[in-house]
>>> print(open('data.cif').read())   # mmCIF, C-alpha atoms
data_start
loop_
_atom_site.label_atom_id
_atom_site.label_comp_id
_atom_site.auth_asym_id
_atom_site.auth_seq_id
_atom_site.Cartn_x
_atom_site.Cartn_y
_atom_site.Cartn_z
CA MET T 978 -234.52 -115.55 -164.14
CA PRO T 979 -232.09 -116.78 -161.49
CA SER T 980 -228.91 -114.66 -161.59
CA SER T 981 -226.62 -117.68 -161.46
CA PRO T 982 -226.97 -121.29 -162.60
CA LEU T 983 -228.78 -123.64 -160.27
CA LYS T 984 -226.49 -125.76 -158.11
CA VAL T 985 -228.01 -129.22 -158.35
CA ALA T 986 -227.30 -132.45 -156.48
CA VAL T 987 -228.72 -135.85 -157.43
CA VAL T 988 -228.65 -138.64 -154.87
CA CYS T 989 -229.27 -142.37 -155.24
CA MET T 990 -228.13 -145.19 -152.95
CA SER T 991 -224.66 -146.00 -154.32
CA ASN T 992 -223.82 -143.19 -156.79
CA ILE T 993 -223.57 -145.76 -159.58
CA ASN T 994 -226.62 -145.73 -161.84
CA ARG T 995 -229.54 -143.37 -161.24
CA SER T 996 -227.66 -140.36 -159.86
CA MET T 997 -224.85 -140.79 -162.40
CA GLU T 998 -227.26 -141.01 -165.34
CA ALA T 999 -228.84 -137.72 -164.21
CA HIS T 1000 -225.36 -136.25 -163.58
CA SER T 1001 -224.34 -137.15 -167.14
CA ILE T 1002 -227.45 -135.65 -168.76
CA LEU T 1003 -227.48 -132.49 -166.62
CA ARG T 1004 -223.78 -131.88 -167.24
CA LYS T 1005 -224.33 -132.14 -171.00
CA LYS T 1006 -227.10 -129.53 -170.66
CA GLY T 1007 -224.72 -127.14 -168.85
CA PHE T 1008 -225.98 -127.45 -165.29
CA SER T 1009 -223.74 -127.13 -162.25
CA VAL T 1010 -224.32 -130.67 -160.96
CA TRP T 1011 -222.96 -133.05 -158.34
CA SER T 1012 -224.03 -136.63 -157.69
CA PHE T 1013 -223.93 -138.74 -154.57
CA GLY T 1014 -224.88 -141.96 -152.88
CA ALA T 1015 -226.65 -142.03 -149.52
CA GLY T 1016 -225.82 -145.61 -148.53
CA SER T 1017 -223.06 -146.75 -146.21
CA GLN T 1018 -221.35 -148.72 -149.00
CA VAL T 1019 -221.53 -149.07 -152.77
CA ARG T 1020 -223.55 -152.13 -153.72
CA LEU T 1021 -223.57 -153.59 -157.22
CA PRO T 1022 -225.55 -156.58 -158.46
CA GLY T 1023 -223.62 -159.80 -157.97
CA ASP T 1024 -224.11 -163.31 -159.30
CA ALA T 1025 -227.37 -163.64 -157.36
CA PRO T 1026 -229.91 -161.02 -156.18
CA ASN T 1027 -229.05 -161.64 -152.54
CA LEU T 1028 -225.26 -161.56 -153.14
CA PRO T 1029 -224.27 -157.99 -154.06
CA VAL T 1030 -220.68 -156.98 -154.75
CA VAL T 1031 -219.81 -154.40 -152.09
CA TYR T 1032 -217.20 -151.63 -152.22
CA ASN T 1033 -216.25 -148.67 -150.03
CA PHE T 1034 -217.04 -145.22 -151.40
CA SER T 1035 -213.28 -144.64 -151.64
CA THR T 1036 -213.03 -147.31 -154.36
CA THR T 1037 -212.69 -145.72 -157.79
CA TYR T 1038 -214.97 -146.64 -160.68
CA LYS T 1039 -211.89 -147.93 -162.51
CA GLU T 1040 -210.98 -150.24 -159.59
CA MET T 1041 -214.56 -151.57 -159.52
CA TYR T 1042 -214.46 -152.09 -163.28
CA ASN T 1043 -211.19 -154.02 -163.14
CA ASP T 1044 -212.36 -156.11 -160.17
CA LEU T 1045 -215.60 -157.12 -161.92
CA LEU T 1046 -213.71 -157.79 -165.13
CA ARG T 1047 -211.57 -160.33 -163.22
CA LYS T 1048 -214.56 -161.85 -161.41
CA ASP T 1049 -216.85 -162.56 -164.37
CA ARG T 1050 -216.35 -160.44 -167.48
CA GLN T 1051 -219.27 -161.91 -169.46
CA HIS T 1052 -221.77 -161.61 -166.59
CA TYR T 1053 -220.97 -157.93 -166.00
CA ILE T 1054 -220.98 -157.13 -169.71
CA ARG T 1055 -224.38 -158.81 -170.03
CA ASN T 1056 -225.96 -156.97 -167.11
CA GLY T 1057 -224.50 -153.61 -168.23
CA ILE T 1058 -222.51 -152.84 -165.09
CA LEU T 1059 -219.18 -152.54 -166.91
CA HIS T 1060 -220.70 -150.05 -169.34
CA ILE T 1061 -222.14 -148.02 -166.44
CA LEU T 1062 -218.78 -147.96 -164.63
CA ARG T 1063 -217.02 -146.73 -167.80
CA ARG T 1064 -219.58 -143.92 -168.16
CA ASN T 1065 -219.11 -142.98 -164.51
CA GLU T 1066 -215.33 -142.91 -164.84
CA ARG T 1067 -215.65 -140.31 -167.61
CA ILE T 1068 -217.64 -138.08 -165.23
CA LYS T 1069 -215.65 -138.36 -161.99
CA PRO T 1070 -213.11 -140.73 -160.39
CA GLN T 1071 -215.23 -142.38 -157.68
CA PRO T 1072 -218.61 -142.43 -155.96
CA GLU T 1073 -219.23 -139.87 -153.23
CA ARG T 1074 -221.44 -139.98 -150.13
CA PHE T 1075 -223.91 -137.16 -149.66
CA GLN T 1076 -223.40 -137.27 -145.89
CA GLU T 1077 -219.73 -136.27 -146.38
CA CYS T 1078 -220.45 -133.29 -148.63
CA LEU T 1079 -220.41 -129.80 -147.14
CA GLU T 1080 -221.43 -128.05 -150.38
CA ALA T 1081 -224.67 -126.02 -150.42
CA PHE T 1082 -227.15 -126.65 -153.24
CA ASP T 1083 -230.23 -124.92 -154.60
CA VAL T 1084 -232.00 -128.18 -155.39
CA ILE T 1085 -231.35 -131.76 -154.26
CA PHE T 1086 -233.08 -134.50 -156.22
CA THR T 1087 -233.33 -137.95 -154.69
CA CYS T 1088 -234.06 -141.12 -156.64
CA GLY T 1089 -236.46 -142.92 -154.31
CA GLU T 1090 -238.31 -142.35 -151.07
CA SER T 1091 -235.83 -144.26 -148.88
CA ILE T 1092 -232.99 -142.10 -150.24
CA TYR T 1093 -235.09 -138.96 -149.70
CA ASP T 1094 -235.56 -140.04 -146.08
CA ARG T 1095 -231.80 -140.54 -145.61
CA VAL T 1096 -230.97 -137.13 -147.07
CA VAL T 1097 -233.66 -135.41 -144.99
CA GLU T 1098 -232.30 -137.13 -141.88
CA ASP T 1099 -228.79 -135.94 -142.69
CA LEU T 1100 -229.88 -132.36 -143.39
CA CYS T 1101 -231.79 -132.27 -140.10
CA THR T 1102 -228.59 -133.04 -138.19
CA ARG T 1103 -226.58 -130.25 -139.83
CA GLU T 1104 -226.22 -126.84 -138.25
CA GLN T 1105 -227.76 -123.99 -140.19
CA GLU T 1106 -225.06 -121.56 -141.29
CA THR T 1107 -226.23 -119.39 -144.16
CA PHE T 1108 -229.98 -120.01 -143.94
CA GLN T 1109 -229.93 -120.50 -147.71
CA PRO T 1110 -232.97 -122.50 -148.87
CA VAL T 1111 -232.47 -125.86 -150.53
CA HIS T 1112 -235.36 -127.62 -152.22
CA MET T 1113 -235.52 -131.37 -151.74
CA ILE T 1114 -237.44 -133.15 -154.48
CA ASP T 1115 -237.87 -136.90 -154.75
CA VAL T 1116 -238.20 -138.24 -158.27
CA ASP T 1117 -238.78 -141.96 -157.89
CA THR T 1118 -236.68 -143.39 -160.72
CA LEU T 1119 -236.58 -147.05 -159.77
CA GLU T 1120 -238.14 -148.23 -163.02
CA ASP T 1121 -235.67 -146.61 -165.43
CA ALA T 1122 -232.57 -144.51 -164.73
CA THR T 1123 -232.68 -142.72 -168.09
CA LEU T 1124 -236.36 -141.76 -167.85
CA GLY T 1125 -235.78 -140.51 -164.31
CA ALA T 1126 -232.74 -138.50 -165.42
CA LEU T 1127 -234.74 -136.91 -168.25
CA LEU T 1128 -237.50 -135.98 -165.80
CA ILE T 1129 -234.94 -134.42 -163.43
CA CYS T 1130 -233.46 -132.53 -166.40
CA GLU T 1131 -236.89 -131.23 -167.39
CA LEU T 1132 -237.49 -129.98 -163.84
CA CYS T 1133 -234.05 -128.30 -163.76
CA GLN T 1134 -234.67 -126.59 -167.09
CA ARG T 1135 -238.02 -125.28 -165.93
CA LEU T 1136 -236.54 -124.07 -162.62
CA GLN T 1137 -233.61 -122.41 -164.39
CA HIS T 1138 -236.02 -120.39 -166.51
CA ALA T 1139 -238.36 -119.47 -163.64
CA ASP T 1140 -238.39 -115.81 -162.62
CA ASP T 1141 -238.53 -116.80 -158.94
CA VAL T 1142 -237.76 -120.38 -157.95
CA GLU T 1143 -239.44 -119.99 -154.57
CA ASP T 1144 -242.72 -118.82 -156.05
CA SER T 1145 -242.62 -121.00 -159.16
CA LEU T 1146 -241.61 -124.39 -157.77
CA ALA T 1147 -245.04 -125.55 -156.57
CA LYS T 1148 -246.60 -124.61 -159.92
CA LEU T 1149 -243.78 -126.28 -161.85
CA LEU T 1150 -244.07 -129.50 -159.87
CA LEU T 1151 -247.84 -129.54 -160.29
CA ALA T 1152 -247.54 -128.97 -164.06
CA VAL T 1153 -245.04 -131.82 -164.43
CA GLU T 1154 -247.13 -134.06 -162.14
CA GLU T 1155 -250.16 -133.50 -164.37
CA LYS T 1156 -248.16 -134.02 -167.56
CA ARG T 1157 -246.31 -137.13 -166.39
CA GLY T 1158 -248.80 -138.61 -163.95
CA LYS T 1159 -246.07 -138.67 -161.28
CA SER T 1160 -246.19 -136.99 -157.90
CA PHE T 1161 -243.18 -135.68 -156.01
CA LEU T 1162 -242.13 -135.44 -152.39
CA HIS T 1163 -240.95 -131.88 -151.81
CA MET T 1164 -239.55 -130.07 -148.81
CA VAL T 1165 -237.51 -126.92 -148.20
CA PHE T 1166 -234.53 -126.89 -145.81
CA PHE T 1167 -232.28 -124.04 -144.81
CA TYR T 1168 -228.51 -124.46 -144.66
#
>>> encode(input="data.cif", output="structure tokens")
Amino acid sequence: MPSSPLKVAVVCMSNINRSMEAHSILRKKGFSVWSFGAGSQVRLPGDAPNLPVVYNFSTTYKEMYNDLLRKDRQHYIRNGILHILRRNERIKPQPERFQECLEAFDVIFTCGESIYDRVVEDLCTREQETFQPVHMIDVDTLEDATLGALLICELCQRLQHADDVEDSLAKLLLAVEEKRGKSFLHMVFFY
């Protein structure tokens, strides 16, 4: 078994829904977890699909909540955004960008191929310091944040109980792929 708990990061585009749902579930299960966005700004659904509400990553979840409450309380209650922001506020004060994090992780889960590509691009520009391996795994969770978070949790639990993460990861991913009918992008980087 790994001698210390896995350090896990989960990354979606804005650090609002998919990464925060996984953050919430993994934290409840006792994992050492961080969550991030990989976009340049936080984008929330607006009144129309092509009119998102945009915030800087420095905007707190509470500030977003209060702003949306003023804009159209009923609309943002109906679409669930106010509930999501309240959940997020209980976990951490504000969204964070992966590109600004200097922390080293054992596993980084991304929630979609475009996010995976952004994180890979960022990791490729960083200088290697410790040569510690980090496993990048994309779990496409576009259809349902909760189902994606549960899948990420299952993978973390299996990795945490593996005798050797390096040797076991390919087998674990294959077993979950066969069970769930989902394939994963996977790559190893060195910090």
>>> atom_distance(input="data.cif", atom1="CA of Leu1136 (chain T)", atom2="CA of Lys984 (chain T)")
11.1 Å
>>> residues_around(input="data.cif", residues="Glu998 (chain T)", least_positions_apart="3", cutoff="10 Å", atoms="only C-alpha atoms", output="ChimeraX atom specification")
/T:987,992-995,1001-1004,1012,1061,1064-1065,1122-1127
>>> closest_atom_pairs(input="data.cif", of="region 1010-1102 of chain T", to="region 1112-1117 of chain T", cutoff="6 Å", atoms="all atoms listed in the file", output="Markdown table")
| residue | atom | partner | partner_atom | distance |
| --- | --- | --- | --- | --- |
| T:Val1084 | CA | T:His1112 | CA | 4.7 |
| T:Ile1085 | CA | T:Met1113 | CA | 4.9 |
| T:Phe1086 | CA | T:Ile1114 | CA | 4.9 |
| T:Thr1087 | CA | T:Asp1115 | CA | 4.7 |
| T:Cys1088 | CA | T:Asp1117 | CA | 5.0 |
| T:Gly1089 | CA | T:Asp1117 | CA | 4.4 |
>>> resolve_selection(input="data.cif", expression="the PyMOL selection byres ((chain T and resi 1060) around 12)", output="PyMOL selection string")
chain T and resi 993-994+998+1038-1039+1041-1042+1045-1046+1050-1059+1061-1067
>>> closest_residue(input="data.cif", among="T:Asp1049, T:Asp1024, T:Glu1077, T:Asp1121", to="Ala999 (chain T)", atoms="all atoms listed in the file")
T:Asp1121
>>> closest_residue(input="data.cif", among="T:Ser981, T:Ser991, T:Thr1037, T:Thr1102", to="Asp1140 (chain T)", atoms="all atoms listed in the file")
T:Ser981
>>> resolve_selection(input="data.cif", expression="the PyMOL selection byres ((chain T and resi 1018) around 12)", output="short mmCIF file (atom, residue, chain, number, x, y, z; two decimals) with C-alpha atoms, in the coordinates of the input")
data_model
loop_
_atom_site.label_atom_id
_atom_site.label_comp_id
_atom_site.auth_asym_id
_atom_site.auth_seq_id
_atom_site.Cartn_x
_atom_site.Cartn_y
_atom_site.Cartn_z
CA CYS T 989 -229.27 -142.37 -155.24
CA MET T 990 -228.13 -145.19 -152.95
CA SER T 991 -224.66 -146.00 -154.32
CA ASN T 992 -223.82 -143.19 -156.79
CA ILE T 993 -223.57 -145.76 -159.58
CA PHE T 1013 -223.93 -138.74 -154.57
CA GLY T 1014 -224.88 -141.96 -152.88
CA ALA T 1015 -226.65 -142.03 -149.52
CA GLY T 1016 -225.82 -145.61 -148.53
CA SER T 1017 -223.06 -146.75 -146.21
CA VAL T 1019 -221.53 -149.07 -152.77
CA ARG T 1020 -223.55 -152.13 -153.72
CA LEU T 1021 -223.57 -153.59 -157.22
CA PRO T 1029 -224.27 -157.99 -154.06
CA VAL T 1030 -220.68 -156.98 -154.75
CA VAL T 1031 -219.81 -154.40 -152.09
CA TYR T 1032 -217.20 -151.63 -152.22
CA ASN T 1033 -216.25 -148.67 -150.03
CA PHE T 1034 -217.04 -145.22 -151.40
CA SER T 1035 -213.28 -144.64 -151.64
CA THR T 1036 -213.03 -147.31 -154.36
CA PRO T 1072 -218.61 -142.43 -155.96
CA GLU T 1073 -219.23 -139.87 -153.23
CA ARG T 1074 -221.44 -139.98 -150.13
CA PHE T 1075 -223.91 -137.16 -149.66
#
>>> residues_around(input="data.cif", residues="Asp1099 (chain T)", least_positions_apart="4", cutoff="9 Å", atoms="all atoms listed in the file", output="CSV table (one decimal) with C-alpha atoms, in the coordinates of the input")
chain,number,residue,atom,x,y,z
T,1075,PHE,CA,-223.9,-137.2,-149.7
T,1076,GLN,CA,-223.4,-137.3,-145.9
T,1094,ASP,CA,-235.6,-140.0,-146.1
T,1095,ARG,CA,-231.8,-140.5,-145.6
T,1103,ARG,CA,-226.6,-130.2,-139.8
>>> resolve_selection(input="data.cif", expression="the PyMOL selection byres ((chain T and resi 1081) around 9)", output="PyMOL selection string")
chain T and resi 984+1078-1080+1082-1083+1109+1111+1168
>>> closest_residue(input="data.cif", among="T:Phe1167, T:Ala1147, T:Val1010, T:Gly1023", to="Phe1108 (chain T)", atoms="only C-alpha atoms")
T:Phe1167
>>> closest_residue(input="data.cif", among="T:Phe1166, T:Leu1151, T:Ser1009, T:Leu983", to="Glu1106 (chain T)", atoms="only C-alpha atoms")
T:Phe1166
>>> closest_residue(input="data.cif", among="T:Cys1101, T:Val1165, T:Val1142, T:Val1153", to="Cys1130 (chain T)", atoms="only C-alpha atoms")
T:Val1153
>>> atom_distance(input="data.cif", atom1="CA of Pro1070 (chain T)", atom2="CA of Asn1027 (chain T)")
27.4 Å
